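Take a look at the structure below.
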Amino acid sequence: MKRNPLRTLCVLCLLSASASCNDKSGDPNSANPPPPQLPQGQMWTLIESQMAGRNETQARVRESLLDQEMMTVMICGSNSPIPSTPGAQACTAVFVNGQFLVFDAGAGAARSMEDLGLPVADISALFVTHFHNDHFADVGEVIQRSWVLGRRRKLPIYGGKGVDQLIAGFTGAYAYDYRYRTAHHGEAFMPSKAVDVAPNPIELAKGKSRVVYEKDGVVVTAFTVNHPPVEPALGYAVTFEGKKVVISGDTTDTETLRQQSIGADVLVSEVMNKEVVAGMEAISAKNGWDYNATVYHDIRSYHIDVHEVGELAKAGGVKTLVLTHAIPAVPQESAMQLWYALPIKQHYDGNLLIAHDGTMVKTRTAAPAGGREIVTERYPSGAVRSEVSYLDKIKDGIALTWYESGALRSEVKWTMGTGRAVEYAPNGALVQPSVHPDYSGKLFNLSSAKALIVTTSVETMGGSGAKTGVFASEMTAPYYEFLGAGMEVDIASIKGGKIPIDPLSFLPQIISKYDTRYQRDNVLLAKTNASLKIDDLDFTEYDVIFIAGGWGAAYDLGFSDALGEKLSVAHKAGIPLGAVCHGSLGFLRAIDASGNPLVKGRRMTGVTDKQVKELGIEITPQHPETELRKAGAIFESITTTQDFLANYVVSDGSIVTGQNQNAGAEVAHRLMELVEKNQSSK
């Protein structure tokens with residue numbers, strides 16, 4: 001894959017400790033001096049891993065977004081034009097057949113695209129709907145940033161009559177910036193000609209439309225909309241292989257928008273709740289706020305009402321309606337649901353999303369090749385939870401997972417059981433890989449439930465004498481997540497007594513928020529200093545069992561007949577079981593009701609052989625991937641630049657496993673979903 005280091009390392013050298021960007025010996029075209037000597041030590045290894053992970057994530061994002069089998073719509077700017085609402089102003093990105101099309105670039109749009117991890121250097125064309133500044137204020141930034149980050153071809157910009165004047169203003173204002181950057185980095189590295197743009201004015205009579213862009217089967221049609229006195233005002237329709245995305249621009253309910261929206265897979269529409277805005281006008285008039293009253297009165301005449309949008313989407317058979325540029329908009333989701341979702345659902349029963357920056361809709365443009373099966377899972381509400389492509393019952397293709405709100409949660413490019421993943425926060429922001437990424441999930445109330453966490457009792461690594469044990473966060477993350485749900489939590493180990501904790505867990509660059517809390521939590525400290533012995537416990541007295549990992553676990557969990565027997569009984573009783581990292585070894589001696597190995601034919605994960613090799617700790621007697629495959633498990637994992645940053649979770653029936661220390665909180669949450677389900681069925 002084509003890679004450009006500028007996508008992760010700013011040309012201003014903000015992320016570099018070297019002086020190579022500045023040491024030009026007075027000649028901006030002279031060769032850079034050799035890089036400084038690579039620093040050694042664990043901290044630098046971690047920094048390198050995290051930088052490599054971010055670079056790899058950016059590469060995965062680019063590959064996913066430019067996937068020729070998918071059409072992706074991402075809202076990069078959802079902000080209302082009324083001040084004090086969150087997000088960048090109007091901006092929508094459409095990725096189709098390897099092309100990156102941008103529609104509008106209001107204030108903050110360029111930064112938003114970068115924060116969302118979009119491959120800005122790959123922008124194919126920019127389209128402007130109309131000349132209100134909340135739709136074009138960042139056009140200059142898009143031109144400049146795409147060039148700085150690696151664009152090396154002329155950027156076409158489309159808009160109504162006057163777009164050439166708009167572009168001339170921006171390029172004139174940025175002329176010195178362009179000149180200085182080329183002088184600093186050199187013409188070969190940052191060529192001045194590559195910053196060029198190509199204006200494409202669009203002239204259309206009222207009520208008309210025409211094709212303005214066509215490349216490799218991707219067609220963009222401009223059509224007039226109604227936003228008086230703003231003229232021209234345009235909407236755009238993007239079509240490819242029978243799929244259609246429509247961007248309304250700012251408009252009233254108009255026939256051209258209705259016609260273009262017929263059969264749309266995605267309609268990105270502005271929206272106004274005119275009843276609420278009228279109320280705001282009345283309040284302003286009552287209090288003598290004449291300026292506000294005038295604005296609220298005037299703007300109602302040139303935006304589309306919430307009921308009109310619902311009727312239009314219903315009439316056109318729109319599959320997914322994305323509301324953006326909402327007027328008014330507030331951070332409170334409950335108010336947005338009340339003002340927009342409820343009125344629209346009176347008319348429209350399709351998929352409805354209230355956009356935030358990062359809201360993403362993906363549509364397949366081609367059926368999966370080779371007879372693949374697409375398996376879809378849904379939340380109880382009916383919202384899509386996941387879409388997974390299988391070939392001969394093995395994941396092979398793209399797996400997509402959504403939050404119940406409709407926001408994309410993660411996407412994985414699979415190849416016969418292994419894959420590379422990209423994760424997103426609920427607000428659509430890209431989750432960059434880290435040792436302990438934050439996890440936010442459903443809030444549970446399980447005050448009547450009881451959890452057990454099981455750890456290793458081994459404190460040294462083989463004959464080396466190196467200190468090891470449980471990796472702290474693999475014990476503390478589930479503990480505090482269970483505790484936060486009101487559960488009673490016991491801590492046990494293979495031999496009982498004081499639990500050894502790997503000292504690596506508490507390094508400044510590695511320690512998690514759960515570990516920091518543990519260090520000052522006298523209750524949990526007491527539990528780990530005098531852990532229960534598994535031989536003395538009845539696992540069926542618990543509602544959930546969680547097995548923590550760490551290098552010590554490779555020496556005792558998979559060899560423990562007692563642990564295998566107790567897990568077998570717990571599984572037969574229907575108790576949810578979970579593990580992370582080396583903790584998955586704890587299942588090796590467990591059997592199912594038929595006497596077969598519990599892991600046989602079951603989808604599971606744990607530390608990969610690649611990770612074990614990368615970390616150089618291959619002396620342990622058992623490696624989870626090797627042992628689970630040997631026992632007949634279907635082993636699944638995520639591959640990243642450095643696997644210890646990988647975060648992957650597998651649920652198979654009542655057993656949930658996580659690949660590494662990153663997965664502890666999510667595994668705990670998935671287990672609590674099962675506990676809640678068990679309780680509701682009683």
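Within each chain, counting starts at residue 1; across the structure tokens, chains are named A, B, ... in the order shown, with ligands numbered 1 upward in that order.
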Please produce, as CSV, a per-residue contact table for segment 381-437 of chain A versus segment 80-93 of chain A (criterion: any atom at most 12 Å away, only C-alpha atoms considered), showing the nearest atom pair and its distance in Å to one decimal, sorted by chain then residue number.
residue,atom,partner,partner_atom,distance
A:Asn427,CA,A:Gly87,CA,10.4
A:Gly428,CA,A:Gly87,CA,11.4
A:Ala429,CA,A:Gly87,CA,11.5
Generate a file of the selected residues that holds N, CA and C atoms, formatted as a short mmCIF file (atom, residue, chain, number, x, y, z; two decimals), in the first residue's frame.
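Output file selection.cif is given in full below:
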data_model
loop_
_atom_site.label_atom_id
_atom_site.label_comp_id
_atom_site.auth_asym_id
_atom_site.auth_seq_id
_atom_site.Cartn_x
_atom_site.Cartn_y
_atom_site.Cartn_z
N ASN A 427 -18.79 8.94 19.41
CA ASN A 427 -18.98 10.21 18.68
C ASN A 427 -18.36 10.18 17.29
N GLY A 428 -17.86 9.02 16.87
CA GLY A 428 -17.30 8.88 15.54
C GLY A 428 -15.81 9.13 15.46
N ALA A 429 -15.19 9.61 16.54
CA ALA A 429 -13.75 9.89 16.51
C ALA A 429 -12.96 8.59 16.41
#
If we count only C-alpha atoms, what is near Ala579 of chain A at a cut-off of 7 Å, once residues fewer than 3 positions away on the same chain are taken out, given as a list of chain:residue names?
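In the requested form, the answer reads A:Phe546, A:Ile547, A:Ala548, A:Gly583, A:Ser584, A:Val656, A:Thr657, A:Gly658.
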In Å, with one decimal, what is the gap from atom CA of Trp414 of chain A to atom CA of Ala631 of chain A?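 Computing it gives 22.9 Å between the two atoms.
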*Write down as a ChimeraX atom specification the residues belonging to segment 246-364 of chain A that are assigned helix (DSSP H, G or I) by DSSP computed on the backbone.*
/A:255-261,274-286,290-299,306-316,333-345
Show which residues sit within 12 Å of segment 512-524 of chain A, as a ChimeraX atom specification. Count only C-alpha atoms, and ignore same-chain residues fewer than 4 positions away. /A:434-439,453,471-481,483-484,488-492,498-499,501-508,528-531,661-662,664-665
| said: Using only C-alpha atoms for the distances, tell me which of A:Lys244, A:Glu281, A:Ala293, A:Glu625 is nearest to Val318 of chain A. | reply: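 Using only C-alpha atoms, Val318 of chain A sits closest to A:Lys244.
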Taken to one decimal, the atom CA of Ser269 of chain A-atom CA of Gly317 of chain A distance is 14.5 Å
Please list as a PyMOL selection string every residue within 9 Å of Ile591 of chain A, counting only C-alpha atoms and excluding residues in the same chain fewer than 3 positions away.
chain A and resi 564-565+567-569+571+587-588+594-599
Keeping only C-alpha atoms, take the residues you just selected and write them out as a tab-separated table (two decimals), in the first residue's frame.
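Result file is out22.tsv:
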chain	number	residue	atom	x	y	z
A	564	GLY	CA	-10.55	-27.14	34.36
A	565	GLU	CA	-13.00	-29.13	36.48
A	567	LEU	CA	-14.95	-24.27	34.76
A	568	SER	CA	-16.58	-27.38	33.29
A	569	VAL	CA	-19.19	-27.44	36.05
A	571	HIS	CA	-20.23	-23.89	32.01
A	587	PHE	CA	-10.02	-23.30	29.50
A	588	LEU	CA	-7.65	-26.01	28.22
A	594	SER	CA	-20.34	-34.52	26.03
A	595	GLY	CA	-16.84	-34.87	27.46
A	596	ASN	CA	-15.15	-33.02	24.60
A	597	PRO	CA	-12.66	-30.20	25.19
A	598	LEU	CA	-14.71	-27.09	25.95
A	599	VAL	CA	-12.71	-25.06	23.43
Contacts of Gly496 of chain A at 9 Å (only C-alpha atoms; same-chain gap of 5+ positions) as JSON, numbers by chain: {"A": [457, 530, 531, 532, 533, 534, 535]}
Output file for the residues above (C-alpha atoms, as an mmCIF file, in the first residue's frame):
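New file out.cif:
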data_model
loop_
_atom_site.group_PDB
_atom_site.id
_atom_site.type_symbol
_atom_site.label_atom_id
_atom_site.label_comp_id
_atom_site.auth_asym_id
_atom_site.auth_seq_id
_atom_site.Cartn_x
_atom_site.Cartn_y
_atom_site.Cartn_z
ATOM 1 C CA SER A 457 0.016 -17.825 41.389
ATOM 2 C CA ALA A 530 -4.972 -12.852 50.673
ATOM 3 C CA SER A 531 -6.695 -14.268 47.605
ATOM 4 C CA LEU A 532 -9.043 -17.237 47.810
ATOM 5 C CA LYS A 533 -7.794 -20.658 46.688
ATOM 6 C CA ILE A 534 -9.810 -22.047 43.771
ATOM 7 C CA ASP A 535 -9.923 -25.530 45.372
#
- Message: Please list as a PyMOL selection string every residue within 8 Å of Glu666 of chain A, counting only C-alpha atoms and excluding residues in the same chain fewer than 4 positions away.
- Response: chain A and resi 439+441+649+670
From atom CA of Ala313 of chain A to atom CA of Arg258 of chain A the spacing works out at 8.1 Å
Strand (DSSP E or B) residues, from DSSP on the backbone, in segment 535-607 of chain A, as a ChimeraX atom specification: /A:544-547,577-580,591,597,603-604
Quick one: write out the picked residues with N, CA and C atoms as a PDB file, in the first residue's frame?
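So the final result, stored in again23.pdb, reads:
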ATOM      1  N   VAL A 544     -20.715 -14.946  37.293  1.00  0.00           N
ATOM      2  CA  VAL A 544     -19.774 -14.783  36.199  1.00  0.00           C
ATOM      3  C   VAL A 544     -18.371 -15.111  36.700  1.00  0.00           C
ATOM      4  N   ILE A 545     -17.577 -15.750  35.832  1.00  0.00           N
ATOM      5  CA  ILE A 545     -16.179 -16.080  36.152  1.00  0.00           C
ATOM      6  C   ILE A 545     -15.297 -15.397  35.120  1.00  0.00           C
ATOM      7  N   PHE A 546     -14.250 -14.716  35.579  1.00  0.00           N
ATOM      8  CA  PHE A 546     -13.318 -14.013  34.689  1.00  0.00           C
ATOM      9  C   PHE A 546     -11.904 -14.489  35.012  1.00  0.00           C
ATOM     10  N   ILE A 547     -11.158 -14.911  33.985  1.00  0.00           N
ATOM     11  CA  ILE A 547      -9.786 -15.396  34.176  1.00  0.00           C
ATOM     12  C   ILE A 547      -8.813 -14.367  33.628  1.00  0.00           C
ATOM     13  N   LEU A 577     -18.523 -17.219  31.209  1.00  0.00           N
ATOM     14  CA  LEU A 577     -17.101 -17.359  31.495  1.00  0.00           C
ATOM     15  C   LEU A 577     -16.320 -16.446  30.572  1.00  0.00           C
ATOM     16  N   GLY A 578     -15.273 -15.805  31.104  1.00  0.00           N
ATOM     17  CA  GLY A 578     -14.474 -14.909  30.289  1.00  0.00           C
ATOM     18  C   GLY A 578     -13.002 -14.995  30.617  1.00  0.00           C
ATOM     19  N   ALA A 579     -12.184 -14.519  29.686  1.00  0.00           N
ATOM     20  CA  ALA A 579     -10.737 -14.510  29.901  1.00  0.00           C
ATOM     21  C   ALA A 579     -10.108 -13.505  28.955  1.00  0.00           C
ATOM     22  N   VAL A 580      -8.933 -13.000  29.329  1.00  0.00           N
ATOM     23  CA  VAL A 580      -8.147 -12.159  28.435  1.00  0.00           C
ATOM     24  C   VAL A 580      -6.709 -12.654  28.435  1.00  0.00           C
ATOM     25  N   ILE A 591     -14.086 -29.349  30.028  1.00  0.00           N
ATOM     26  CA  ILE A 591     -14.795 -30.166  29.051  1.00  0.00           C
ATOM     27  C   ILE A 591     -16.256 -29.748  28.998  1.00  0.00           C
ATOM     28  N   PRO A 597     -13.284 -31.444  24.705  1.00  0.00           N
ATOM     29  CA  PRO A 597     -12.659 -30.200  25.190  1.00  0.00           C
ATOM     30  C   PRO A 597     -13.609 -29.017  24.999  1.00  0.00           C
ATOM     31  N   ARG A 603     -15.139 -20.390  18.836  1.00  0.00           N
ATOM     32  CA  ARG A 603     -14.388 -19.192  18.470  1.00  0.00           C
ATOM     33  C   ARG A 603     -13.782 -18.582  19.734  1.00  0.00           C
ATOM     34  N   MET A 604     -12.465 -18.404  19.721  1.00  0.00           N
ATOM     35  CA  MET A 604     -11.777 -17.878  20.894  1.00  0.00           C
ATOM     36  C   MET A 604     -10.597 -17.014  20.458  1.00  0.00           C
TER      37      MET A 604
END
Quiz item: Can you tell me, as JSON, numbers by chain, what residues are no more than 7 Å from Arg60 of chain A when counting only C-alpha atoms, ignoring any on the same chain fewer than 4 positions away?
Solution: {"A": [56, 64, 422]}
For the residues in that selection, give me C-alpha atoms as a PDB file, in the first residue's frame.
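Saved as part-v5.pdb:
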ATOM      1  CA  GLU A  56      -0.702   1.443  10.860  1.00  0.00           C
ATOM      2  CA  SER A  64     -11.027   0.873   4.421  1.00  0.00           C
ATOM      3  CA  VAL A 422     -10.018   0.135  13.126  1.00  0.00           C
TER       4      VAL A 422
END
Per-residue nearest contacts segment 190-219 of chain A to segment 126-148 of chain A, cut-off 12 Å, using only C-alpha atoms, as CSV:
residue,atom,partner,partner_atom,distance
A:Met190,CA,A:Val148,CA,7.4
A:Pro191,CA,A:Trp147,CA,9.0
A:Ser192,CA,A:Trp147,CA,9.2
A:Lys193,CA,A:Trp147,CA,9.9
A:Ala194,CA,A:Trp147,CA,6.8
A:Val195,CA,A:Trp147,CA,5.6
A:Asp196,CA,A:Ile143,CA,8.3
A:Val197,CA,A:Ile143,CA,7.7
A:Ala198,CA,A:Leu126,CA,10.1
A:Pro199,CA,A:Leu126,CA,9.8
A:Asn200,CA,A:Phe127,CA,9.3
A:Pro201,CA,A:Val128,CA,10.1
A:Ile202,CA,A:Val128,CA,10.2
A:Val212,CA,A:Phe127,CA,10.0
A:Tyr213,CA,A:Phe127,CA,9.9
For the residues in that selection, give me N, CA and C atoms as a PDB file, in the first residue's frame.
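As a result, part-v2.pdb now contains:
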ATOM      1  N   MET A 190       8.137  19.406  -1.227  1.00  0.00           N
ATOM      2  CA  MET A 190       6.849  20.078  -1.196  1.00  0.00           C
ATOM      3  C   MET A 190       6.717  20.968  -2.428  1.00  0.00           C
ATOM      4  N   PRO A 191       6.436  20.357  -3.581  1.00  0.00           N
ATOM      5  CA  PRO A 191       6.418  21.112  -4.839  1.00  0.00           C
ATOM      6  C   PRO A 191       5.327  22.172  -4.866  1.00  0.00           C
ATOM      7  N   SER A 192       5.690  23.364  -5.293  1.00  0.00           N
ATOM      8  CA  SER A 192       4.758  24.486  -5.298  1.00  0.00           C
ATOM      9  C   SER A 192       3.601  24.274  -6.271  1.00  0.00           C
ATOM     10  N   LYS A 193       3.855  23.581  -7.390  1.00  0.00           N
ATOM     11  CA  LYS A 193       2.797  23.378  -8.376  1.00  0.00           C
ATOM     12  C   LYS A 193       1.685  22.476  -7.851  1.00  0.00           C
ATOM     13  N   ALA A 194       2.001  21.591  -6.898  1.00  0.00           N
ATOM     14  CA  ALA A 194       1.010  20.633  -6.412  1.00  0.00           C
ATOM     15  C   ALA A 194      -0.097  21.296  -5.607  1.00  0.00           C
ATOM     16  N   VAL A 195       0.116  22.529  -5.170  1.00  0.00           N
ATOM     17  CA  VAL A 195      -0.904  23.211  -4.394  1.00  0.00           C
ATOM     18  C   VAL A 195      -2.029  23.746  -5.283  1.00  0.00           C
ATOM     19  N   ASP A 196      -1.857  23.676  -6.588  1.00  0.00           N
ATOM     20  CA  ASP A 196      -2.813  24.259  -7.534  1.00  0.00           C
ATOM     21  C   ASP A 196      -4.211  23.655  -7.397  1.00  0.00           C
ATOM     22  N   VAL A 197      -5.207  24.478  -7.695  1.00  0.00           N
ATOM     23  CA  VAL A 197      -6.592  24.027  -7.723  1.00  0.00           C
ATOM     24  C   VAL A 197      -7.197  24.388  -9.073  1.00  0.00           C
ATOM     25  N   ALA A 198      -8.278  23.688  -9.415  1.00  0.00           N
ATOM     26  CA  ALA A 198      -8.948  23.926 -10.691  1.00  0.00           C
ATOM     27  C   ALA A 198     -10.405  24.279 -10.439  1.00  0.00           C
ATOM     28  N   PRO A 199     -10.792  25.558 -10.558  1.00  0.00           N
ATOM     29  CA  PRO A 199     -12.184  25.949 -10.347  1.00  0.00           C
ATOM     30  C   PRO A 199     -13.079  25.404 -11.463  1.00  0.00           C
ATOM     31  N   ASN A 200     -14.264  24.930 -11.070  1.00  0.00           N
ATOM     32  CA  ASN A 200     -15.233  24.425 -12.038  1.00  0.00           C
ATOM     33  C   ASN A 200     -16.591  25.050 -11.744  1.00  0.00           C
ATOM     34  N   PRO A 201     -16.871  26.238 -12.313  1.00  0.00           N
ATOM     35  CA  PRO A 201     -18.158  26.895 -12.066  1.00  0.00           C
ATOM     36  C   PRO A 201     -19.310  26.088 -12.672  1.00  0.00           C
ATOM     37  N   ILE A 202     -20.415  26.030 -11.937  1.00  0.00           N
ATOM     38  CA  ILE A 202     -21.600  25.311 -12.388  1.00  0.00           C
ATOM     39  C   ILE A 202     -22.722  26.323 -12.597  1.00  0.00           C
ATOM     40  N   VAL A 212     -21.829  16.946 -13.299  1.00  0.00           N
ATOM     41  CA  VAL A 212     -20.687  17.864 -13.247  1.00  0.00           C
ATOM     42  C   VAL A 212     -19.366  17.138 -13.015  1.00  0.00           C
ATOM     43  N   TYR A 213     -19.433  15.855 -12.636  1.00  0.00           N
ATOM     44  CA  TYR A 213     -18.206  15.092 -12.346  1.00  0.00           C
ATOM     45  C   TYR A 213     -18.479  13.642 -12.724  1.00  0.00           C
TER      46      TYR A 213
END
Review point. Of the residues A:Gly159, A:Gly77, A:Gly406, A:Gly172, which is the one nearest to Ala326 of chain A, using only C-alpha atoms?
Key: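 Closest candidate: A:Gly77.
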Check your understanding: Pick the closest to Pro624 of chain A from A:Trp551, A:Trp339, A:Phe644, A:Tyr348: which is it, counting only C-alpha atoms?
Key ->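 Counting only C-alpha atoms, the residue closest to Pro624 of chain A is A:Trp551.
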Would you mind telling me which residue in A:Asn351, A:Thr626, A:Asn647, A:Asn287 lies nearest to Gly310 of chain A when using only C-alpha atoms?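 Closest candidate: A:Asn351.
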